[in-house]
file protein.txt (compact mmCIF, C-alpha atoms and all ligand atoms)
# COMPACT_ATOMS: atom_id res chain seq x y z
CA MET A 1 77.54 -5.23 -71.68
CA SER A 2 75.28 -2.84 -73.57
CA TYR A 3 72.04 -1.52 -72.18
CA PRO A 4 69.03 0.09 -73.86
CA LYS A 5 69.31 3.88 -74.35
CA GLU A 6 65.59 4.50 -74.17
CA VAL A 7 62.49 2.62 -72.96
CA GLY A 8 58.86 3.69 -73.42
CA GLY A 9 59.92 7.19 -74.51
CA HIS A 10 62.20 7.69 -71.49
CA LYS A 11 65.89 8.36 -71.99
CA LEU A 12 67.88 6.05 -69.73
CA GLY A 13 70.91 7.05 -67.66
CA LYS A 14 73.28 4.69 -65.93
CA LEU A 15 72.32 1.27 -64.62
CA ILE A 16 71.83 1.78 -60.86
CA ILE A 17 71.59 -1.88 -59.99
CA GLU A 18 70.88 -5.19 -61.63
CA GLY A 19 69.31 -8.01 -59.66
CA LYS A 20 68.09 -11.48 -60.53
CA THR A 21 64.91 -10.39 -62.28
CA LYS A 22 65.19 -6.65 -62.92
CA GLN A 23 67.45 -3.82 -64.02
CA VAL A 24 67.06 -0.37 -62.47
CA PHE A 25 68.07 2.67 -64.53
CA ASP A 26 68.58 6.33 -63.70
CA LEU A 27 66.45 8.84 -65.61
CA PRO A 28 68.64 11.88 -66.32
CA GLU A 29 65.57 13.98 -67.12
CA ASN A 30 63.78 12.93 -63.92
CA PRO A 31 66.25 12.68 -61.04
CA GLY A 32 63.64 11.72 -58.40
CA LEU A 33 62.52 8.71 -60.45
CA CYS A 34 64.04 5.56 -61.92
CA LEU A 35 62.96 2.98 -64.50
CA LEU A 36 62.60 -0.69 -63.58
CA LEU A 37 62.98 -3.06 -66.49
CA ASN A 38 61.84 -6.65 -65.93
CA LYS A 39 63.83 -9.56 -67.35
CA ASP A 40 62.50 -12.72 -68.99
CA ARG A 41 64.05 -14.64 -66.11
CA ILE A 42 62.70 -16.80 -63.32
CA THR A 43 64.85 -17.78 -60.33
CA ALA A 44 64.49 -19.61 -57.02
CA GLY A 45 66.63 -20.69 -54.09
CA ASP A 46 68.60 -17.41 -53.93
CA GLY A 47 69.27 -17.67 -57.65
CA VAL A 48 70.66 -21.25 -57.58
CA LYS A 49 67.82 -22.35 -59.84
CA ALA A 50 67.30 -19.98 -62.78
CA HIS A 51 65.72 -20.16 -66.24
CA ASP A 52 64.96 -17.86 -69.11
CA LEU A 53 61.23 -17.64 -69.67
CA GLU A 54 60.08 -15.66 -72.66
CA GLY A 55 57.12 -13.41 -71.88
CA LYS A 56 57.69 -13.48 -68.11
CA ALA A 57 58.92 -9.85 -68.00
CA ALA A 58 55.70 -8.55 -69.54
CA ILE A 59 53.48 -10.69 -67.31
CA SER A 60 55.36 -9.61 -64.16
CA ASN A 61 55.32 -5.97 -65.17
CA GLN A 62 51.57 -5.95 -65.72
CA THR A 63 50.88 -7.96 -62.57
CA ASN A 64 52.93 -5.49 -60.55
CA ALA A 65 51.24 -2.46 -62.13
CA LYS A 66 47.77 -3.82 -61.37
CA VAL A 67 48.67 -4.65 -57.76
CA PHE A 68 50.19 -1.21 -57.15
CA GLU A 69 47.20 0.50 -58.75
CA ILE A 70 44.99 -1.24 -56.17
CA LEU A 71 47.32 -0.19 -53.35
CA GLN A 72 47.54 3.38 -54.61
CA ALA A 73 43.74 3.62 -54.63
CA THR A 74 43.89 3.07 -50.85
CA GLY A 75 46.11 6.14 -50.30
CA LEU A 76 49.15 4.09 -49.21
CA LYS A 77 52.52 5.68 -49.97
CA THR A 78 54.27 3.63 -52.66
CA SER A 79 57.14 4.15 -55.07
CA PHE A 80 55.11 3.08 -58.11
CA VAL A 81 54.46 5.87 -60.63
CA LYS A 82 53.23 4.27 -63.87
CA GLN A 83 53.77 1.54 -66.40
CA VAL A 84 55.66 2.93 -69.42
CA SER A 85 56.22 -0.10 -71.66
CA PRO A 86 55.12 -3.75 -71.70
CA THR A 87 58.13 -4.67 -69.52
CA ALA A 88 59.03 -1.45 -67.67
CA PHE A 89 57.60 1.00 -65.16
CA LEU A 90 58.61 4.25 -63.51
CA SER A 91 59.23 4.26 -59.80
CA ARG A 92 60.35 6.80 -57.24
CA LYS A 93 64.11 6.38 -56.97
CA CYS A 94 64.85 4.84 -53.58
CA GLU A 95 67.71 3.74 -51.46
CA MET A 96 66.37 0.30 -50.65
CA ILE A 97 66.12 -1.04 -47.09
CA PRO A 98 67.67 -4.52 -47.49
CA ILE A 99 64.95 -6.34 -45.60
CA GLU A 100 62.28 -8.71 -46.92
CA TRP A 101 59.06 -8.14 -44.97
CA VAL A 102 57.09 -11.37 -44.96
CA THR A 103 53.49 -11.80 -43.84
CA ARG A 104 51.80 -15.16 -43.41
CA ARG A 105 48.14 -16.10 -42.96
CA LEU A 106 48.75 -19.86 -43.01
CA ALA A 107 51.84 -21.74 -41.91
CA THR A 108 53.57 -23.45 -44.84
CA GLY A 109 56.99 -23.68 -46.52
CA SER A 110 60.06 -22.43 -44.67
CA PHE A 111 58.04 -21.46 -41.59
CA LEU A 112 57.38 -25.16 -40.90
CA LYS A 113 61.11 -25.96 -41.02
CA ARG A 114 61.98 -23.10 -38.67
CA ASN A 115 59.13 -23.88 -36.27
CA PRO A 116 58.94 -27.66 -35.84
CA GLY A 117 55.69 -28.82 -34.28
CA VAL A 118 53.51 -26.22 -36.03
CA PRO A 119 51.29 -28.09 -38.52
CA GLU A 120 50.92 -26.93 -42.12
CA GLY A 121 47.83 -24.76 -42.46
CA PHE A 122 48.05 -23.31 -38.93
CA ARG A 123 46.19 -20.00 -39.15
CA PHE A 124 47.81 -16.80 -37.85
CA CYS A 125 45.44 -14.17 -36.45
CA PRO A 126 46.64 -11.46 -36.82
CA PRO A 127 48.85 -12.44 -39.74
CA LYS A 128 52.39 -13.47 -38.76
CA GLN A 129 55.08 -10.98 -39.64
CA GLU A 130 58.72 -11.99 -40.19
CA THR A 131 61.79 -10.13 -41.43
CA PHE A 132 64.76 -11.45 -43.41
CA PHE A 133 68.01 -9.65 -44.24
CA LYS A 134 68.51 -9.60 -48.04
CA ASP A 135 71.77 -11.50 -48.41
CA ASP A 136 71.71 -14.20 -51.12
CA ALA A 137 75.18 -15.51 -50.16
CA ASN A 138 73.93 -16.33 -46.66
CA HIS A 139 70.43 -17.43 -47.78
CA ASP A 140 68.59 -14.33 -46.51
CA PRO A 141 68.92 -14.97 -42.73
CA GLN A 142 65.94 -14.21 -40.52
CA TRP A 143 66.46 -11.00 -38.54
CA SER A 144 64.68 -9.80 -35.42
CA GLU A 145 63.38 -6.23 -35.25
CA GLU A 146 66.14 -5.52 -32.74
CA GLN A 147 68.73 -6.55 -35.33
CA ILE A 148 67.19 -4.17 -37.87
CA VAL A 149 67.19 -1.28 -35.37
CA CYS A 150 70.76 -2.03 -34.22
CA ALA A 151 72.02 -2.12 -37.82
CA LYS A 152 71.46 1.68 -37.73
CA PHE A 153 70.71 1.75 -41.45
CA LYS A 154 70.68 5.24 -42.92
CA PHE A 155 69.15 5.77 -46.34
CA ASN A 156 68.62 9.11 -48.07
CA GLY A 157 69.30 10.79 -44.73
CA LEU A 158 66.75 8.75 -42.77
CA VAL A 159 67.97 6.60 -39.89
CA ILE A 160 65.93 3.40 -39.64
CA GLY A 161 65.02 3.31 -35.93
CA GLN A 162 62.22 1.73 -33.93
CA ASP A 163 59.57 4.16 -35.26
CA GLU A 164 60.46 3.36 -38.84
CA VAL A 165 60.42 -0.37 -38.11
CA ASP A 166 57.00 0.01 -36.44
CA TYR A 167 55.68 1.77 -39.53
CA MET A 168 57.00 -0.88 -41.90
CA ARG A 169 55.64 -3.75 -39.78
CA LYS A 170 52.17 -2.19 -39.70
CA ALA A 171 52.25 -1.28 -43.38
CA THR A 172 53.38 -4.82 -44.26
CA ILE A 173 50.46 -6.42 -42.46
CA LEU A 174 48.07 -3.87 -43.96
CA VAL A 175 49.29 -4.52 -47.52
CA PHE A 176 48.77 -8.23 -46.93
CA GLU A 177 45.26 -7.71 -45.56
CA ILE A 178 44.25 -5.45 -48.43
CA LEU A 179 45.43 -7.93 -51.06
CA GLU A 180 43.96 -10.84 -49.12
CA LYS A 181 40.54 -9.13 -49.25
CA ALA A 182 41.03 -8.30 -52.93
CA TRP A 183 41.87 -11.91 -53.83
CA ALA A 184 38.93 -13.17 -51.78
CA LEU A 185 36.69 -11.60 -54.45
CA ARG A 186 38.01 -14.33 -56.82
CA ASP A 187 37.87 -17.04 -54.15
CA CYS A 188 41.67 -17.14 -53.96
CA ALA A 189 43.43 -17.45 -50.61
CA LEU A 190 46.52 -15.30 -50.17
CA ILE A 191 48.71 -17.54 -48.02
CA ASP A 192 51.84 -15.43 -47.54
CA MET A 193 53.65 -12.54 -49.17
CA LYS A 194 56.98 -10.69 -49.32
CA ILE A 195 57.46 -6.95 -49.81
CA GLU A 196 60.31 -4.44 -49.62
CA PHE A 197 60.51 -0.78 -48.60
CA GLY A 198 62.78 1.99 -49.77
CA VAL A 199 63.49 5.58 -48.76
CA ASP A 200 62.74 8.04 -51.57
CA THR A 201 64.84 11.12 -52.34
CA GLU A 202 62.69 13.18 -49.95
CA GLY A 203 63.38 10.84 -47.03
CA ASN A 204 59.95 9.11 -46.97
CA ILE A 205 59.62 5.39 -46.39
CA VAL A 206 57.61 3.96 -49.26
CA LEU A 207 56.51 0.51 -50.30
CA ALA A 208 58.90 -0.18 -53.20
CA ASP A 209 60.34 -2.93 -55.41
CA VAL A 210 57.54 -5.02 -57.00
CA ILE A 211 54.66 -7.27 -56.02
CA ASP A 212 54.04 -10.00 -58.58
CA SER A 213 53.65 -13.77 -58.78
CA ASP A 214 57.18 -14.10 -57.30
CA SER A 215 56.02 -12.33 -54.17
CA TRP A 216 53.26 -14.51 -52.77
CA ARG A 217 51.65 -17.90 -52.39
CA LEU A 218 48.16 -17.89 -53.87
CA TRP A 219 45.83 -20.87 -53.58
CA PRO A 220 42.57 -20.82 -55.60
CA SER A 221 39.68 -21.99 -53.41
CA GLY A 222 42.20 -22.18 -50.54
CA ASP A 223 43.43 -25.50 -52.01
CA LYS A 224 47.20 -25.97 -51.95
CA ARG A 225 47.02 -28.41 -54.87
CA LEU A 226 45.71 -25.59 -57.09
CA MET A 227 48.60 -23.19 -56.33
CA VAL A 228 49.33 -20.65 -59.10
CA ASP A 229 52.42 -18.90 -57.76
CA LYS A 230 56.18 -19.36 -58.07
CA GLN A 231 56.09 -22.29 -55.65
CA VAL A 232 55.14 -24.47 -58.64
CA TYR A 233 58.58 -23.62 -60.10
CA ARG A 234 60.39 -23.97 -56.75
CA ASN A 235 58.95 -27.49 -56.35
CA LEU A 236 60.29 -28.76 -59.70
CA SER A 237 63.32 -31.05 -59.36
CA THR A 238 63.91 -31.06 -63.12
CA VAL A 239 62.56 -28.29 -65.29
CA THR A 240 61.23 -29.12 -68.76
CA ALA A 241 59.95 -26.71 -71.40
CA ALA A 242 56.43 -27.96 -70.63
CA ASP A 243 56.94 -27.17 -66.92
CA LEU A 244 57.97 -23.63 -67.75
CA GLU A 245 54.88 -23.25 -69.95
CA THR A 246 52.72 -24.32 -66.99
CA VAL A 247 54.40 -21.74 -64.74
CA LYS A 248 53.86 -19.06 -67.39
CA ARG A 249 50.21 -20.05 -67.85
CA ASN A 250 49.64 -19.72 -64.09
CA PHE A 251 51.32 -16.31 -63.95
CA ASN A 252 49.25 -15.15 -66.89
CA TRP A 253 46.05 -16.38 -65.23
CA VAL A 254 46.94 -14.41 -62.09
CA LYS A 255 47.60 -11.28 -64.16
CA GLU A 256 44.19 -11.60 -65.82
CA GLN A 257 42.35 -12.23 -62.55
CA LEU A 258 43.72 -8.93 -61.21
CA ASP A 259 41.33 -7.10 -63.55
CA HIS A 260 38.46 -8.52 -61.52
CA LEU A 261 39.66 -7.38 -58.11
CA LYS A 262 37.83 -4.07 -58.13
CA PRO A 263 34.89 -3.92 -55.72
CA THR A 264 31.72 -4.41 -57.75
CA ILE A 265 29.26 -3.01 -55.23
CA HIS A 266 27.68 0.32 -56.19
CA HIS A 267 27.60 2.46 -53.06
CA LYS A 268 26.14 5.84 -52.13
CA VAL A 269 26.08 8.08 -49.07
CA VAL A 270 23.12 10.45 -49.09
CA VAL A 271 23.25 13.47 -46.80
CA PHE A 272 19.72 14.75 -46.21
CA MET A 273 19.48 18.22 -44.72
CA GLY A 274 16.28 19.59 -43.26
CA SER A 275 17.04 23.11 -44.42
CA PRO A 276 19.50 24.83 -46.79
CA ALA A 277 20.77 26.65 -43.68
CA ASP A 278 22.52 23.38 -42.72
CA GLN A 279 24.60 23.36 -45.89
CA GLU A 280 27.94 24.36 -44.35
CA HIS A 281 27.78 21.47 -41.86
CA CYS A 282 26.73 19.07 -44.65
CA GLN A 283 29.57 20.17 -46.92
CA LYS A 284 32.00 19.26 -44.15
CA ILE A 285 30.48 15.79 -43.93
CA ALA A 286 30.63 15.45 -47.71
CA LYS A 287 34.28 16.53 -47.87
CA SER A 288 35.37 14.06 -45.18
CA ALA A 289 33.38 11.29 -46.86
CA ARG A 290 34.78 12.06 -50.32
CA ASP A 291 38.31 12.08 -48.91
CA LEU A 292 37.62 8.48 -47.91
CA GLY A 293 36.60 7.70 -51.49
CA LEU A 294 32.87 7.72 -50.85
CA ASP A 295 30.32 8.75 -53.46
CA VAL A 296 28.16 11.41 -51.79
CA ASP A 297 24.90 13.15 -52.71
CA LEU A 298 23.55 16.16 -50.82
CA ARG A 299 19.75 16.66 -50.70
CA VAL A 300 17.48 19.20 -49.02
CA THR A 301 14.17 17.89 -47.72
CA SER A 302 12.14 18.26 -44.55
CA ALA A 303 10.52 15.26 -42.91
CA HIS A 304 8.18 17.58 -41.03
CA LYS A 305 7.10 19.76 -43.92
CA ALA A 306 7.47 17.43 -46.93
CA THR A 307 7.20 13.89 -45.58
CA GLU A 308 6.07 12.18 -48.79
CA GLU A 309 8.76 13.89 -50.83
CA THR A 310 11.40 12.81 -48.29
CA LEU A 311 10.31 9.18 -48.47
CA ARG A 312 10.12 9.25 -52.26
CA ILE A 313 13.71 10.49 -52.55
CA MET A 314 14.81 7.82 -50.08
CA GLN A 315 13.06 5.09 -52.10
CA GLN A 316 14.75 6.21 -55.30
CA TYR A 317 18.15 5.63 -53.70
CA GLU A 318 17.02 2.28 -52.27
CA ASP A 319 16.11 1.21 -55.78
CA THR A 320 19.47 1.93 -57.37
CA HIS A 321 22.28 1.31 -54.87
CA GLY A 322 23.69 -1.83 -53.29
CA ALA A 323 25.44 -0.30 -50.31
CA LEU A 324 23.62 2.73 -49.01
CA VAL A 325 23.95 4.95 -45.93
CA PHE A 326 21.72 7.91 -45.08
CA ILE A 327 23.03 10.80 -43.00
CA ALA A 328 20.35 13.07 -41.54
CA VAL A 329 21.21 16.66 -40.67
CA ALA A 330 18.39 18.50 -38.93
CA GLY A 331 18.53 21.24 -36.32
CA ARG A 332 16.03 21.79 -33.50
CA SER A 333 13.62 18.81 -33.36
CA ASN A 334 15.14 16.11 -35.59
CA GLY A 335 12.23 14.40 -37.31
CA LEU A 336 14.33 13.68 -40.40
CA GLY A 337 16.64 10.90 -39.18
CA PRO A 338 14.03 8.98 -37.18
CA VAL A 339 11.46 9.20 -40.01
CA LEU A 340 14.01 7.85 -42.50
CA SER A 341 15.04 5.16 -40.05
CA GLY A 342 11.45 4.08 -39.40
CA ASN A 343 10.89 3.56 -43.13
CA THR A 344 14.10 1.91 -44.35
CA SER A 345 16.29 -1.03 -43.46
CA TYR A 346 19.44 0.87 -44.51
CA PRO A 347 21.58 2.54 -41.82
CA VAL A 348 20.74 6.12 -40.81
CA ILE A 349 23.25 8.35 -39.01
CA ASN A 350 21.98 11.53 -37.34
CA CYS A 351 24.46 14.38 -37.32
CA PRO A 352 22.69 17.50 -36.05
CA PRO A 353 24.29 20.85 -36.94
CA PRO A 354 26.05 22.88 -34.24
CA SER A 355 23.75 25.16 -32.25
CA ASP A 356 23.50 26.95 -28.87
CA LYS A 357 20.66 24.59 -28.04
CA MET A 358 22.54 21.40 -29.00
CA VAL A 359 22.22 19.96 -25.48
CA GLN A 360 18.40 20.07 -25.61
CA ASP A 361 18.04 19.35 -29.35
CA ILE A 362 20.23 16.24 -29.33
CA TRP A 363 17.54 14.29 -27.45
CA SER A 364 15.27 14.33 -30.51
CA SER A 365 17.98 12.26 -32.28
CA LEU A 366 18.71 10.00 -29.33
CA SER A 367 15.34 9.26 -27.73
CA VAL A 368 13.65 7.66 -30.70
CA PRO A 369 10.45 5.56 -30.78
CA SER A 370 10.76 1.77 -30.34
CA GLY A 371 11.65 -0.14 -33.51
CA LEU A 372 14.13 2.48 -34.71
CA GLY A 373 17.90 1.91 -34.79
CA CYS A 374 19.52 5.10 -36.04
CA ALA A 375 22.88 6.26 -34.67
CA THR A 376 23.80 9.80 -33.60
CA VAL A 377 27.14 11.59 -33.83
CA ILE A 378 27.85 15.32 -33.57
CA TYR A 379 31.02 15.87 -35.61
CA PRO A 380 30.94 15.90 -39.44
CA ASP A 381 34.11 13.78 -39.52
CA SER A 382 32.50 11.15 -37.28
CA ALA A 383 29.47 10.86 -39.55
CA ALA A 384 31.72 10.37 -42.60
CA LEU A 385 33.90 7.81 -40.81
CA MET A 386 30.93 5.81 -39.64
CA ALA A 387 29.42 5.82 -43.13
CA ALA A 388 32.77 4.59 -44.49
CA GLN A 389 32.92 1.81 -41.90
CA ILE A 390 29.47 0.63 -42.97
CA ILE A 391 30.23 0.78 -46.71
CA GLY A 392 33.63 -0.80 -45.98
CA LEU A 393 31.90 -4.00 -44.87
CA GLN A 394 31.12 -4.62 -48.55
CA ASP A 395 33.85 -2.63 -50.28
CA TYR A 396 37.42 -3.53 -49.34
CA LEU A 397 38.87 -0.39 -50.94
CA VAL A 398 36.84 1.83 -48.59
CA TRP A 399 37.84 -0.42 -45.68
CA ALA A 400 41.47 -0.11 -46.80
CA ARG A 401 41.30 3.69 -47.01
CA LEU A 402 40.16 3.78 -43.38
CA ARG A 403 43.06 1.55 -42.34
CA VAL A 404 45.62 3.56 -44.34
CA LYS A 405 44.29 6.76 -42.78
CA GLN A 406 44.76 5.28 -39.30
CA LEU A 407 48.30 4.20 -40.17
CA GLU A 408 49.22 7.61 -41.57
CA MET A 409 47.60 9.37 -38.60
CA ALA A 410 49.72 7.35 -36.15
CA THR A 411 52.82 8.19 -38.21
CA SER A 412 52.14 11.92 -38.30
CA LEU A 413 51.57 11.91 -34.51
CA ARG A 414 54.94 10.19 -34.12
CA HIS A 415 56.61 12.76 -36.36
CA ALA A 416 55.03 15.59 -34.33
CA ASP A 417 56.26 13.95 -31.13
CA GLN A 418 59.78 13.51 -32.58
CA LYS A 419 59.85 17.17 -33.63
CA LEU A 420 58.77 18.32 -30.17
CA ARG A 421 61.35 16.13 -28.43
CA ASN A 422 64.08 17.45 -30.69
CA LEU A 423 63.06 21.04 -29.99
CA SER A 424 63.10 20.68 -26.21
CA VAL A 425 66.68 19.40 -25.98
N1 LIG A 501 62.24 2.09 -56.58
C1 LIG A 501 63.45 1.55 -56.52
N2 LIG A 501 64.56 2.33 -56.48
C2 LIG A 501 65.80 1.76 -56.43
N3 LIG A 501 66.03 0.43 -56.38
C3 LIG A 501 64.96 -0.38 -56.42
C4 LIG A 501 63.63 0.11 -56.49
N4 LIG A 501 62.77 -0.94 -56.50
C5 LIG A 501 63.53 -2.05 -56.43
N5 LIG A 501 64.84 -1.75 -56.38
C6 LIG A 501 65.99 -2.68 -56.30
O1 LIG A 501 66.24 -3.21 -57.58
C7 LIG A 501 67.07 -4.34 -57.44
C8 LIG A 501 66.79 -5.30 -58.56
O2 LIG A 501 65.66 -6.09 -58.33
P1 LIG A 501 65.73 -7.68 -58.35
O3 LIG A 501 66.13 -8.13 -59.70
O4 LIG A 501 64.43 -8.16 -57.82
O5 LIG A 501 66.91 -7.92 -57.32
P2 LIG A 501 67.17 -9.10 -56.27
O6 LIG A 501 67.62 -10.25 -57.07
O7 LIG A 501 68.25 -8.52 -55.38
O8 LIG A 501 65.88 -9.31 -55.52
C9 LIG A 501 66.86 -4.84 -56.02
O9 LIG A 501 68.07 -4.63 -55.29
C10 LIG A 501 65.77 -3.94 -55.49
O10 LIG A 501 65.91 -3.72 -54.11
MG MG A 502 63.86 -9.18 -56.06
call {"tool": "encode", "arguments": {"input": "protein.txt", "output": "structure tokens"}}
result
Amino acid sequence: MSYPKEVGGHKLGKLIIEGKTKQVFDLPENPGLCLLLNKDRITAGDGVKAHDLEGKAAISNQTNAKVFEILQATGLKTSFVKQVSPTAFLSRKCEMIPIEWVTRRLATGSFLKRNPGVPEGFRFCPPKQETFFKDDANHDPQWSEEQIVCAKFKFNGLVIGQDEVDYMRKATILVFEILEKAWALRDCALIDMKIEFGVDTEGNIVLADVIDSDSWRLWPSGDKRLMVDKQVYRNLSTVTAADLETVKRNFNWVKEQLDHLKPTIHHKVVVFMGSPADQEHCQKIAKSARDLGLDVDLRVTSAHKATEETLRIMQQYEDTHGALVFIAVAGRSNGLGPVLSGNTSYPVINCPPPSDKMVQDIWSSLSVPSGLGCATVIYPDSAALMAAQIIGLQDYLVWARLRVKQLEMATSLRHADQKLRNLSV
């Protein structure tokens, strides 16, 4: 069998593995990466049903690239690097963990057979998470988490223990929730989804393999009859050329919809400081907020000394932004936050700068006249987080960044704990 020598300007090394729908090649000039080449092939039932489908490789490749670009924008660790040709992309080279991580929002398909008595459409809150061992010959048997831990998998030097399983379970649910919110923008219900993880050459667990129309059930308007995923193919008892065209048309539609899954809301966080002396504190707020993907402006204006100017600036922002949060930074007596809050219906967060007199000064932010609903926090990070939570109500990417940050924070605490335990023995 001969394989291509070069794809998308990348010299190919040996074939690492060939599966049902993809070939994975080494890149001699880039040992940490590999190239995944999609095939014009559609399969179902552990490969029992399989057809050539011209154009499928390109549609899958682009679908996958668009999905991973969304996930990368959230800060989640993935293996995806970039698309390099219509049918290929670069990925971090992984030793793959042979588990399919499945998440379900609604009960349907194989879940109903394995759980008699549960009606189709039963809603899981939080989403249901299941794991299957990748083993086509035995029809991918369902595995418990204990089975995964007891398998004592070791990939690229990393032993897959309980901590690693915890991470993958949480990341799996998070990936589902992010894509569920993304698809909701097009009124499509993500019903269930399958993903895989690998361990990269540095020993990190990363979301790997692909996410495309083979990976999920997707029901426009939440209506099963309108399904646009691979289930259409799975359901066919005989497969005609016209059937395959329908499947391809659906996959192509999904690929095109992915261009419209970016949040459309135009947001802004405006940090008002009462004096340029507060700049250092405000820069800390701005940095934390920008790390969460927020668009931040810093302004100097005093509600006490330049009231009209303050309100005029505020009104300019109100005129031009859909999702807007004001953060007021004022030392001593804080007139700034309460004055903004009394004159706008957008949220205002007071975050007074550090001072020896903080204990007395804080009351000017807390004890506000009736009719005012501003919040008060004292740490720059808290102000940024709260602003992100508010913007995240309308912008799923900001919401997702918060969730990814929480996931990564829990992981780094666990690593610190592991390190400490290893040191003390
Ligand atoms: N980044 C990666 N590094 C190494 N192998 C990968 C990577 N991403 C996916 N793979 C592996 O590539 C193989 C080929 O994919 P596929 O054709 O979907 O196989 P399968 O039929 O086993 O699902 C799979 O074994 C998959 O786990
Ligand atoms: Mg596969």
call {"tool": "atom_distance", "arguments": {"input": "protein.txt", "atom1": "atom CA of Val84 of chain A", "atom2": "atom CA of Gln72 of chain A"}}
result
16.9 Å
call {"tool": "closest_atom_pairs", "arguments": {"input": "protein.txt", "of": "chain A", "to": "ligand MG 502 (chain A)", "cutoff": "8 Å", "atoms": "all atoms listed in the file", "output": "JSON lines"}}
result
{"residue": "A:Gly19", "atom": "CA", "partner": "A:MG502", "partner_atom": "MG", "distance": 6.6}
{"residue": "A:Lys20", "atom": "CA", "partner": "A:MG502", "partner_atom": "MG", "distance": 6.6}
{"residue": "A:Thr21", "atom": "CA", "partner": "A:MG502", "partner_atom": "MG", "distance": 6.4}
{"residue": "A:Lys22", "atom": "CA", "partner": "A:MG502", "partner_atom": "MG", "distance": 7.4}
{"residue": "A:Asp209", "atom": "CA", "partner": "A:MG502", "partner_atom": "MG", "distance": 7.2}
{"residue": "A:Val210", "atom": "CA", "partner": "A:MG502", "partner_atom": "MG", "distance": 7.6}
call {"tool": "axis_aligned_box", "arguments": {"input": "protein.txt", "around": "ligand LIG 501 (chain A)", "padding_each_side": "6 Å", "output": "lines of an AutoDock Vina configuration file"}}
result
center_x = 65.2
center_y = -4.0
center_z = -56.9
size_x = 18.0
size_y = 24.6
size_z = 17.6
call {"tool": "residues_near_ligand", "arguments": {"input": "protein.txt", "ligand": "ligand LIG 501 (chain A)", "cutoff": "7 Å", "atoms": "only C-alpha atoms and all ligand atoms", "output": "list in words"}}
result
Ile17, Glu18, Gly19, Lys20, Thr21, Lys22, Gln23, Val24, Cys34, Ser79, Ser91, Arg92, Lys93, Cys94, Glu95, Met96, Pro98, Gly198, Ala208, Asp209 and Val210 of chain A
call {"tool": "write_last_selection", "arguments": {"input": "protein.txt", "atoms": "C-alpha atoms", "output": "PDB file, in the frame of the given file"}}
result
ATOM      1  CA  ILE A  17      71.590  -1.880 -59.990  1.00  0.00           C
ATOM      2  CA  GLU A  18      70.880  -5.190 -61.630  1.00  0.00           C
ATOM      3  CA  GLY A  19      69.310  -8.010 -59.660  1.00  0.00           C
ATOM      4  CA  LYS A  20      68.090 -11.480 -60.530  1.00  0.00           C
ATOM      5  CA  THR A  21      64.910 -10.390 -62.280  1.00  0.00           C
ATOM      6  CA  LYS A  22      65.190  -6.650 -62.920  1.00  0.00           C
ATOM      7  CA  GLN A  23      67.450  -3.820 -64.020  1.00  0.00           C
ATOM      8  CA  VAL A  24      67.060  -0.370 -62.470  1.00  0.00           C
ATOM      9  CA  CYS A  34      64.040   5.560 -61.920  1.00  0.00           C
ATOM     10  CA  SER A  79      57.140   4.150 -55.070  1.00  0.00           C
ATOM     11  CA  SER A  91      59.230   4.260 -59.800  1.00  0.00           C
ATOM     12  CA  ARG A  92      60.350   6.800 -57.240  1.00  0.00           C
ATOM     13  CA  LYS A  93      64.110   6.380 -56.970  1.00  0.00           C
ATOM     14  CA  CYS A  94      64.850   4.840 -53.580  1.00  0.00           C
ATOM     15  CA  GLU A  95      67.710   3.740 -51.460  1.00  0.00           C
ATOM     16  CA  MET A  96      66.370   0.300 -50.650  1.00  0.00           C
ATOM     17  CA  PRO A  98      67.670  -4.520 -47.490  1.00  0.00           C
ATOM     18  CA  GLY A 198      62.780   1.990 -49.770  1.00  0.00           C
ATOM     19  CA  ALA A 208      58.900  -0.180 -53.200  1.00  0.00           C
ATOM     20  CA  ASP A 209      60.340  -2.930 -55.410  1.00  0.00           C
ATOM     21  CA  VAL A 210      57.540  -5.020 -57.000  1.00  0.00           C
TER      22      VAL A 210
END
call {"tool": "residues_around", "arguments": {"input": "protein.txt", "residues": "Gly203 of chain A", "least_positions_apart": "6", "cutoff": "7 Å", "atoms": "all atoms listed in the file", "output": "list in words"}}
result
Asn156, Gly157 and Leu158 of chain A
call {"tool": "closest_residue", "arguments": {"input": "protein.txt", "among": "A:Gln231, A:Asn350, A:Ser144, A:Ser60", "to": "Thr376 of chain A", "atoms": "all atoms listed in the file"}}
result
A:Asn350
call {"tool": "residues_around", "arguments": {"input": "protein.txt", "residues": "segment 251-259 of chain A", "least_positions_apart": "2", "cutoff": "10 Å", "atoms": "all atoms listed in the file", "output": "PyMOL selection string"}}
result
chain A and resi 55-56+58-67+70+182-183+185-186+188+212-214+218+228-230+245-249+261-262
call {"tool": "atom_distance", "arguments": {"input": "protein.txt", "atom1": "atom CA of Leu244 of chain A", "atom2": "atom CA of Pro86 of chain A"}}
result
20.5 Å
call {"tool": "closest_residue", "arguments": {"input": "protein.txt", "among": "A:Ile391, A:Phe80, A:Ile173, A:Val269", "to": "Cys282 of chain A", "atoms": "only C-alpha atoms"}}
result
A:Val269
call {"tool": "closest_residue", "arguments": {"input": "protein.txt", "among": "A:Ala73, A:Val7, A:Leu174, A:Ile99", "to": "Pro127 of chain A", "atoms": "only C-alpha atoms"}}
result
A:Leu174
call {"tool": "residues_around", "arguments": {"input": "protein.txt", "residues": "Gly371 of chain A", "least_positions_apart": "5", "cutoff": "12 Å", "atoms": "all atoms listed in the file", "output": "ChimeraX atom specification"}}
result
/A:338-339,341-345
call {"tool": "decode", "arguments": {"input": "protein.txt", "residues": "segment 200-204 of chain A", "atoms": "C-alpha atoms", "output": "CSV table (one decimal), in the first residue's frame"}}
result
chain,number,residue,atom,x,y,z
A,200,ASP,CA,0.8,14.2,24.4
A,201,THR,CA,4.6,13.8,24.3
A,202,GLU,CA,4.9,16.0,27.4
A,203,GLY,CA,2.6,13.8,29.5
A,204,ASN,CA,-0.4,16.1,29.4
